Amino acid sequence: MTDRRPLLRALYDAAVAAAHPNVVLAPHLPPGPKGRVICLAAGKGAGAMAAAAERHYLDTLQLAPERLVGIATTRHGYGVPTRRIRVVEAGHPVPDEAGLKGAADTLALAGEAGPDDLLLVLLTGGGSANWIAPVDGISFAQKQAVNKALLRSGAPIGEMNIVRKHLSRIKGGRLARAGKNAAEIVTLAISDVPHDDPSAIASGPTVPDPTTLADARAIVAKYKLGIDDAVRRALDDPANESCKPDDAAFARARFELIARPKQSLDAAVKLARDSGYETIDLGADLEGEAREVAAAHARLALDARAQGRRLAILSGGELTVTVRGQGRGGPNQEYALALANLLKDTPDVSALAGDTDGADGGAGHPTDPAGALVDAATFAKMKAQGLKPQEYLDNNDATAFFEATGDLLLPGPTLTNVNDIRVILVD
């Protein structure tokens with residue numbers, strides 16, 4: 001049987017490359033203002049976006065160095081060398097003290113913007129955890145606890161961010177409010193959320209928020225989140241309502257998406273077709289429990305195999321895992337493990353599931369896996385080692401399973417984030 005792993009990895013790499021800041025940012029950067037460019041960036045691609053902005057303003061436009069300042073807060077291990085914009089590496093998915101300090105410094109710098117200055121906000125996925133600024137009455141430890149509870153709940157990212165926005169001094173439009181004296185606020189974002197909702201990307205720090213405190217309280221109740229009494233009081237306090245469209249902060253604010261998950265999925269679909277496969281594109285906005293989505297996709301693969309089709313099944317979006325066990329992993333690894341359990345007797349099917357940011361769940365280390373691969377070699381190792389995928393699924397321990405088979409996807413930090421890319425090849 002032909003080894004499809006090189007093609008699977010090429011499909012993943014094509015999706016990542018289509019959304020890299022080095023490729024997508026420069027054409028969208030606004031001209032230099034009369035005053036300073038104040039660059040505030042957050043997320044897993046924040047360092048790369050800051051470096052690309054520096055090249056544009058300092059090298060291409062020849063802006064005087066003292067007229068470019070800023071802070072880029074990114075995940076640990078995702079920093080890159082910069083000249084004028086300070087890079088802060090902070091915790092993700094669970095915030096840490098570095099993110100707390102980075103957010104405070106970001107708000108302070110936004111508040112210094114004057115009527116001749118451009119406030120340039122660069123966002124990628126991960127910004128919600130990187131910029132941590134609890135509302136009054138909430139401690140950092142309490143905010144961390146809420147984040148952990150949300151991560152374990154199985155809630156989709158949109159619902160998680162509704163809660164986060166109403167417990168923050170920077171999310172939900174509040175960064176725009178802090179920088180309201182700038183000549184212009186321009187936000188350029190790489191989307192990591194289904195349907196590309198601006199208010200959900202990094203929890204919408206510079207755009208109006210359509211959700212309310214009541215929505216946040218409903219999500220806490222829906223998932224039976226165990227939260228501190230201080231957090232409950234904060235979600236009852238009208239002072240913590242997020243910024244709405246009529247807020248003066250948005251009078252000179254502009255938001256633009258510069259990369260979307262669909263563009264990355266389209267790049268992978270094109271490569272699959274160029275490689276001789278019929279394709280099924282399931283879309284870039286899939287949500288749902290990882291193992292349930294895997295079961296539906298496995299049925300598509302088995303049907304195609306029974307029909308003798310040479311087929312590539314591709315999808316994006318962001319799946320979730322309701323954590324019940326004590327193991328390690330993330331949605332892409334759990335999806336791949338569920339496929340391994342369902343397809344273990346079909347050697348002519350191979351698959352990859354990976355997060356385009358280079359890390360799938362994990363402990364917040366840059367060496368965390370992005371996902372996993374599954375093919376005939378996986379099935380052979382399962383059999384030889386007596387591995388039972390269902391037992392690992394029951395313990396949410398996909399990382400241990402794929403460590404044993406040697407099938408973890410380990411690209412390292414990719415410096416962008418457009419959600420997941422999943423591919424099943426039927427030969």
# chains A, B, ... in the order shown; residues from 1 in each chain; ligands from 1
>>> residues_around(residues="Cys243 in chain A", least_positions_apart="6", cutoff="12 Å", atoms="only C-alpha atoms", output="PyMOL selection string")
chain A and resi 165-166+168-178+199+203-213+249-250
>>> write_last_selection(atoms="N, CA and C atoms", output="PDB file, in the first residue's frame")
ATOM      1  N   LYS A 165     -15.903  37.404  27.962  1.00  0.00           N
ATOM      2  CA  LYS A 165     -16.070  38.825  27.653  1.00  0.00           C
ATOM      3  C   LYS A 165     -16.686  39.600  28.813  1.00  0.00           C
ATOM      4  N   HIS A 166     -17.535  38.949  29.594  1.00  0.00           N
ATOM      5  CA  HIS A 166     -18.239  39.658  30.659  1.00  0.00           C
ATOM      6  C   HIS A 166     -17.500  39.600  31.992  1.00  0.00           C
ATOM      7  N   SER A 168     -14.074  40.600  31.847  1.00  0.00           N
ATOM      8  CA  SER A 168     -12.806  41.152  31.379  1.00  0.00           C
ATOM      9  C   SER A 168     -12.867  42.664  31.198  1.00  0.00           C
ATOM     10  N   ARG A 169     -11.717  43.315  31.425  1.00  0.00           N
ATOM     11  CA  ARG A 169     -11.580  44.752  31.185  1.00  0.00           C
ATOM     12  C   ARG A 169     -10.986  45.062  29.810  1.00  0.00           C
ATOM     13  N   ILE A 170     -10.715  44.025  28.992  1.00  0.00           N
ATOM     14  CA  ILE A 170     -10.112  44.260  27.678  1.00  0.00           C
ATOM     15  C   ILE A 170     -10.946  43.674  26.551  1.00  0.00           C
ATOM     16  N   LYS A 171     -11.720  42.627  26.841  1.00  0.00           N
ATOM     17  CA  LYS A 171     -12.525  41.955  25.830  1.00  0.00           C
ATOM     18  C   LYS A 171     -13.856  42.685  25.621  1.00  0.00           C
ATOM     19  N   GLY A 172     -14.636  42.196  24.648  1.00  0.00           N
ATOM     20  CA  GLY A 172     -15.974  42.747  24.447  1.00  0.00           C
ATOM     21  C   GLY A 172     -15.997  44.228  24.127  1.00  0.00           C
ATOM     22  N   GLY A 173     -15.003  44.709  23.352  1.00  0.00           N
ATOM     23  CA  GLY A 173     -14.966  46.104  22.933  1.00  0.00           C
ATOM     24  C   GLY A 173     -14.226  47.040  23.859  1.00  0.00           C
ATOM     25  N   ARG A 174     -13.767  46.543  24.997  1.00  0.00           N
ATOM     26  CA  ARG A 174     -13.199  47.447  26.002  1.00  0.00           C
ATOM     27  C   ARG A 174     -11.822  47.973  25.608  1.00  0.00           C
ATOM     28  N   LEU A 175     -11.065  47.263  24.776  1.00  0.00           N
ATOM     29  CA  LEU A 175      -9.784  47.805  24.311  1.00  0.00           C
ATOM     30  C   LEU A 175     -10.020  49.032  23.430  1.00  0.00           C
ATOM     31  N   ALA A 176     -11.043  48.982  22.596  1.00  0.00           N
ATOM     32  CA  ALA A 176     -11.380  50.157  21.782  1.00  0.00           C
ATOM     33  C   ALA A 176     -11.755  51.340  22.680  1.00  0.00           C
ATOM     34  N   ARG A 177     -12.469  51.059  23.748  1.00  0.00           N
ATOM     35  CA  ARG A 177     -12.842  52.123  24.676  1.00  0.00           C
ATOM     36  C   ARG A 177     -11.590  52.729  25.318  1.00  0.00           C
ATOM     37  N   ALA A 178     -10.598  51.889  25.629  1.00  0.00           N
ATOM     38  CA  ALA A 178      -9.358  52.391  26.224  1.00  0.00           C
ATOM     39  C   ALA A 178      -8.582  53.272  25.245  1.00  0.00           C
ATOM     40  N   SER A 199     -16.838  39.428  16.824  1.00  0.00           N
ATOM     41  CA  SER A 199     -16.954  39.582  18.273  1.00  0.00           C
ATOM     42  C   SER A 199     -16.464  38.346  19.032  1.00  0.00           C
ATOM     43  N   SER A 203     -12.225  37.182  21.584  1.00  0.00           N
ATOM     44  CA  SER A 203     -13.316  37.767  22.381  1.00  0.00           C
ATOM     45  C   SER A 203     -13.588  39.230  22.049  1.00  0.00           C
ATOM     46  N   GLY A 204     -13.320  39.624  20.789  1.00  0.00           N
ATOM     47  CA  GLY A 204     -13.756  40.922  20.278  1.00  0.00           C
ATOM     48  C   GLY A 204     -13.332  42.143  21.061  1.00  0.00           C
ATOM     49  N   PRO A 205     -12.031  42.376  21.276  1.00  0.00           N
ATOM     50  CA  PRO A 205     -11.628  43.523  22.108  1.00  0.00           C
ATOM     51  C   PRO A 205     -11.887  44.888  21.497  1.00  0.00           C
ATOM     52  N   THR A 206     -12.108  44.963  20.174  1.00  0.00           N
ATOM     53  CA  THR A 206     -12.287  46.268  19.530  1.00  0.00           C
ATOM     54  C   THR A 206     -13.576  46.375  18.727  1.00  0.00           C
ATOM     55  N   VAL A 207     -14.516  45.470  18.945  1.00  0.00           N
ATOM     56  CA  VAL A 207     -15.781  45.506  18.204  1.00  0.00           C
ATOM     57  C   VAL A 207     -16.949  45.424  19.178  1.00  0.00           C
ATOM     58  N   PRO A 208     -18.132  45.900  18.759  1.00  0.00           N
ATOM     59  CA  PRO A 208     -19.310  45.780  19.629  1.00  0.00           C
ATOM     60  C   PRO A 208     -19.630  44.323  19.926  1.00  0.00           C
ATOM     61  N   ASP A 209     -20.198  44.096  21.096  1.00  0.00           N
ATOM     62  CA  ASP A 209     -20.543  42.745  21.506  1.00  0.00           C
ATOM     63  C   ASP A 209     -22.059  42.583  21.567  1.00  0.00           C
ATOM     64  N   PRO A 210     -22.623  41.676  20.767  1.00  0.00           N
ATOM     65  CA  PRO A 210     -24.077  41.502  20.775  1.00  0.00           C
ATOM     66  C   PRO A 210     -24.590  40.692  21.952  1.00  0.00           C
ATOM     67  N   THR A 211     -23.682  40.058  22.718  1.00  0.00           N
ATOM     68  CA  THR A 211     -24.128  39.205  23.821  1.00  0.00           C
ATOM     69  C   THR A 211     -24.220  40.014  25.112  1.00  0.00           C
ATOM     70  N   THR A 212     -24.854  39.411  26.108  1.00  0.00           N
ATOM     71  CA  THR A 212     -25.155  40.131  27.343  1.00  0.00           C
ATOM     72  C   THR A 212     -24.732  39.337  28.576  1.00  0.00           C
ATOM     73  N   LEU A 213     -24.771  40.005  29.693  1.00  0.00           N
ATOM     74  CA  LEU A 213     -24.529  39.324  30.968  1.00  0.00           C
ATOM     75  C   LEU A 213     -25.514  38.175  31.171  1.00  0.00           C
ATOM     76  N   ALA A 249     -16.691  54.530  21.534  1.00  0.00           N
ATOM     77  CA  ALA A 249     -15.392  53.924  21.252  1.00  0.00           C
ATOM     78  C   ALA A 249     -15.269  53.451  19.809  1.00  0.00           C
ATOM     79  N   PHE A 250     -16.392  53.169  19.155  1.00  0.00           N
ATOM     80  CA  PHE A 250     -16.347  52.589  17.810  1.00  0.00           C
ATOM     81  C   PHE A 250     -16.504  53.630  16.695  1.00  0.00           C
TER      82      PHE A 250
END
>>> residues_around(residues="range 372-383 of chain A", least_positions_apart="4", cutoff="10 Å", atoms="only C-alpha atoms", output="PyMOL selection string")
chain A and resi 1+3-5+8-9+332-337+339-341+343-355+360+387-389+398-399+401-410+422-425
>>> closest_atom_pairs(of="range 312-418 of chain A", to="range 140-162 of chain A", cutoff="9 Å", atoms="only C-alpha atoms", output="tab-separated table")
residue	atom	partner	partner_atom	distance
A:Glu318	CA	A:Pro156	CA	7.8
A:Leu319	CA	A:Pro156	CA	7.4
A:Thr320	CA	A:Gly154	CA	5.5
A:Val321	CA	A:Gly154	CA	5.1
A:Thr322	CA	A:Gly154	CA	4.1
A:Val323	CA	A:Arg152	CA	5.3
A:Arg324	CA	A:Arg152	CA	8.3
>>> atom_distance(atom1="CA of Asp192 in chain A", atom2="CA of Lys222 in chain A")
23.9 Å
>>> select_by_dssp(residues="range 69-303 of chain A", states="helix (DSSP H, G or I)", output="ChimeraX atom specification")
/A:97-111,127-130,140-153,157-165,174-178,194-196,201-203,213-222,229-236,238-240,248-250,261-274,290-303
>>> write_last_selection(atoms="C-alpha atoms", output="mmCIF file, in the first residue's frame")
data_model
loop_
_atom_site.group_PDB
_atom_site.id
_atom_site.type_symbol
_atom_site.label_atom_id
_atom_site.label_comp_id
_atom_site.auth_asym_id
_atom_site.auth_seq_id
_atom_site.Cartn_x
_atom_site.Cartn_y
_atom_site.Cartn_z
ATOM 1 C CA GLU A 97 0.832 36.056 35.219
ATOM 2 C CA ALA A 98 2.659 37.034 32.021
ATOM 3 C CA GLY A 99 -0.665 37.423 30.229
ATOM 4 C CA LEU A 100 -2.025 39.442 33.136
ATOM 5 C CA LYS A 101 0.928 41.863 32.911
ATOM 6 C CA GLY A 102 0.803 41.939 29.105
ATOM 7 C CA ALA A 103 -2.887 42.874 29.127
ATOM 8 C CA ALA A 104 -2.344 45.610 31.723
ATOM 9 C CA ASP A 105 0.502 47.085 29.664
ATOM 10 C CA THR A 106 -1.613 46.831 26.510
ATOM 11 C CA LEU A 107 -4.502 48.746 28.074
ATOM 12 C CA ALA A 108 -2.096 51.391 29.367
ATOM 13 C CA LEU A 109 -0.475 51.858 25.951
ATOM 14 C CA ALA A 110 -3.891 52.085 24.268
ATOM 15 C CA GLY A 111 -4.790 54.819 26.743
ATOM 16 C CA GLY A 127 -5.936 36.103 22.215
ATOM 17 C CA SER A 128 -8.716 35.404 24.712
ATOM 18 C CA ALA A 129 -6.354 33.477 26.967
ATOM 19 C CA ASN A 130 -3.324 35.688 26.269
ATOM 20 C CA PHE A 140 -6.649 36.244 38.793
ATOM 21 C CA ALA A 141 -7.000 32.798 40.396
ATOM 22 C CA GLN A 142 -10.794 32.981 40.110
ATOM 23 C CA LYS A 143 -10.536 33.945 36.426
ATOM 24 C CA GLN A 144 -8.170 31.002 35.835
ATOM 25 C CA ALA A 145 -10.655 28.660 37.512
ATOM 26 C CA VAL A 146 -13.471 29.856 35.231
ATOM 27 C CA ASN A 147 -11.263 29.259 32.210
ATOM 28 C CA LYS A 148 -10.424 25.720 33.323
ATOM 29 C CA ALA A 149 -14.088 24.929 33.953
ATOM 30 C CA LEU A 150 -15.038 26.191 30.484
ATOM 31 C CA LEU A 151 -12.281 24.140 28.839
ATOM 32 C CA ARG A 152 -13.538 20.955 30.475
ATOM 33 C CA SER A 153 -17.238 21.640 29.885
ATOM 34 C CA ILE A 157 -15.545 28.437 21.677
ATOM 35 C CA GLY A 158 -18.306 30.970 20.984
ATOM 36 C CA GLU A 159 -20.048 30.202 24.257
ATOM 37 C CA MET A 160 -16.782 30.152 26.173
ATOM 38 C CA ASN A 161 -15.978 33.618 24.893
ATOM 39 C CA ILE A 162 -19.375 35.014 25.927
ATOM 40 C CA VAL A 163 -18.495 34.241 29.535
ATOM 41 C CA ARG A 164 -14.932 35.521 29.171
ATOM 42 C CA LYS A 165 -16.070 38.825 27.653
ATOM 43 C CA ARG A 174 -13.199 47.447 26.002
ATOM 44 C CA LEU A 175 -9.784 47.805 24.311
ATOM 45 C CA ALA A 176 -11.380 50.157 21.782
ATOM 46 C CA ARG A 177 -12.842 52.123 24.676
ATOM 47 C CA ALA A 178 -9.358 52.391 26.224
ATOM 48 C CA PRO A 194 -16.742 29.182 13.080
ATOM 49 C CA HIS A 195 -18.570 31.655 10.815
ATOM 50 C CA ASP A 196 -15.813 34.283 11.371
ATOM 51 C CA ILE A 201 -12.146 36.340 17.602
ATOM 52 C CA ALA A 202 -9.979 36.876 20.722
ATOM 53 C CA SER A 203 -13.316 37.767 22.381
ATOM 54 C CA LEU A 213 -24.529 39.324 30.968
ATOM 55 C CA ALA A 214 -27.751 37.297 30.880
ATOM 56 C CA ASP A 215 -26.285 35.194 28.049
ATOM 57 C CA ALA A 216 -23.162 34.567 30.128
ATOM 58 C CA ARG A 217 -25.226 33.509 33.136
ATOM 59 C CA ALA A 218 -27.251 31.142 30.933
ATOM 60 C CA ILE A 219 -24.070 29.425 29.724
ATOM 61 C CA VAL A 220 -22.833 28.977 33.300
ATOM 62 C CA ALA A 221 -26.159 27.322 34.115
ATOM 63 C CA LYS A 222 -26.280 25.261 30.913
ATOM 64 C CA ASP A 229 -19.517 33.413 44.351
ATOM 65 C CA ALA A 230 -17.451 36.451 43.356
ATOM 66 C CA VAL A 231 -17.762 35.395 39.725
ATOM 67 C CA ARG A 232 -21.524 35.036 40.095
ATOM 68 C CA ARG A 233 -21.719 38.536 41.547
ATOM 69 C CA ALA A 234 -19.631 39.892 38.663
ATOM 70 C CA LEU A 235 -22.011 38.343 36.139
ATOM 71 C CA ASP A 236 -24.904 40.069 37.942
ATOM 72 C CA PRO A 238 -24.479 45.851 35.181
ATOM 73 C CA ALA A 239 -21.097 47.612 35.240
ATOM 74 C CA ASN A 240 -19.619 44.505 33.600
ATOM 75 C CA ALA A 248 -18.459 56.181 21.245
ATOM 76 C CA ALA A 249 -15.392 53.924 21.252
ATOM 77 C CA PHE A 250 -16.347 52.589 17.810
ATOM 78 C CA PRO A 261 -10.523 29.108 7.871
ATOM 79 C CA LYS A 262 -12.288 28.657 4.520
ATOM 80 C CA GLN A 263 -9.259 29.992 2.629
ATOM 81 C CA SER A 264 -7.051 27.414 4.319
ATOM 82 C CA LEU A 265 -9.517 24.590 3.737
ATOM 83 C CA ASP A 266 -9.795 25.642 0.079
ATOM 84 C CA ALA A 267 -6.009 25.369 -0.265
ATOM 85 C CA ALA A 268 -6.081 21.816 1.076
ATOM 86 C CA VAL A 269 -9.041 20.854 -1.132
ATOM 87 C CA LYS A 270 -7.209 22.123 -4.217
ATOM 88 C CA LEU A 271 -4.102 20.108 -3.387
ATOM 89 C CA ALA A 272 -6.194 16.973 -2.830
ATOM 90 C CA ARG A 273 -7.841 17.412 -6.230
ATOM 91 C CA ASP A 274 -4.483 18.083 -7.874
ATOM 92 C CA ALA A 290 -15.079 15.195 18.424
ATOM 93 C CA ARG A 291 -15.900 11.493 18.648
ATOM 94 C CA GLU A 292 -19.427 12.005 17.277
ATOM 95 C CA VAL A 293 -18.146 13.956 14.268
ATOM 96 C CA ALA A 294 -15.512 11.249 13.732
ATOM 97 C CA ALA A 295 -18.240 8.601 13.631
ATOM 98 C CA ALA A 296 -20.115 10.488 10.902
ATOM 99 C CA HIS A 297 -16.937 10.951 8.864
ATOM 100 C CA ALA A 298 -15.970 7.295 9.289
ATOM 101 C CA ARG A 299 -19.321 6.300 7.791
ATOM 102 C CA LEU A 300 -18.625 8.520 4.762
ATOM 103 C CA ALA A 301 -15.221 6.870 4.333
ATOM 104 C CA LEU A 302 -16.588 3.346 4.618
ATOM 105 C CA ASP A 303 -19.352 4.123 2.128
#
>>> residues_around(residues="Cys39 in chain A", least_positions_apart="2", cutoff="12 Å", atoms="only C-alpha atoms", output="PyMOL selection string")
chain A and resi 29-30+32+36-37+41-42+46-47+49-54+57+67-73+84-87+106-107+109-110+113+117-123+179+185-188
>>> atom_distance(atom1="CA of Asp116 in chain A", atom2="CA of Ala183 in chain A")
5.3 Å
>>> select_by_dssp(residues="range 130-344 of chain A", states="strand (DSSP E)", output="list in words")
Glu184, Ile185, Val186, Thr187, Leu188, Ala189, Ile190, Ala253, Arg254, Phe255, Glu256, Leu257, Ile258, Ala259, Glu278, Thr279, Ile280, Asp281, Leu311, Ala312, Ile313, Leu314 and Ser315 of chain A
>>> closest_residue(among="A:Ala90, A:Leu11, A:Val193, A:Ala18", to="Pro366 in chain A", atoms="only C-alpha atoms")
A:Ala90
>>> atom_distance(atom1="CA of Gly125 in chain A", atom2="CA of Ala189 in chain A")
8.8 Å
>>> closest_residue(among="A:Tyr78, A:Glu289, A:Ala14, A:Leu314", to="Thr367 in chain A", atoms="only C-alpha atoms")
A:Tyr78
>>> closest_residue(among="A:Val94, A:Ala19, A:Leu63, A:Leu257", to="Arg75 in chain A", atoms="only C-alpha atoms")
A:Val94
>>> closest_residue(among="A:Gly77, A:Pro369, A:Pro115, A:Pro198", to="Gly45 in chain A", atoms="only C-alpha atoms")
A:Gly77
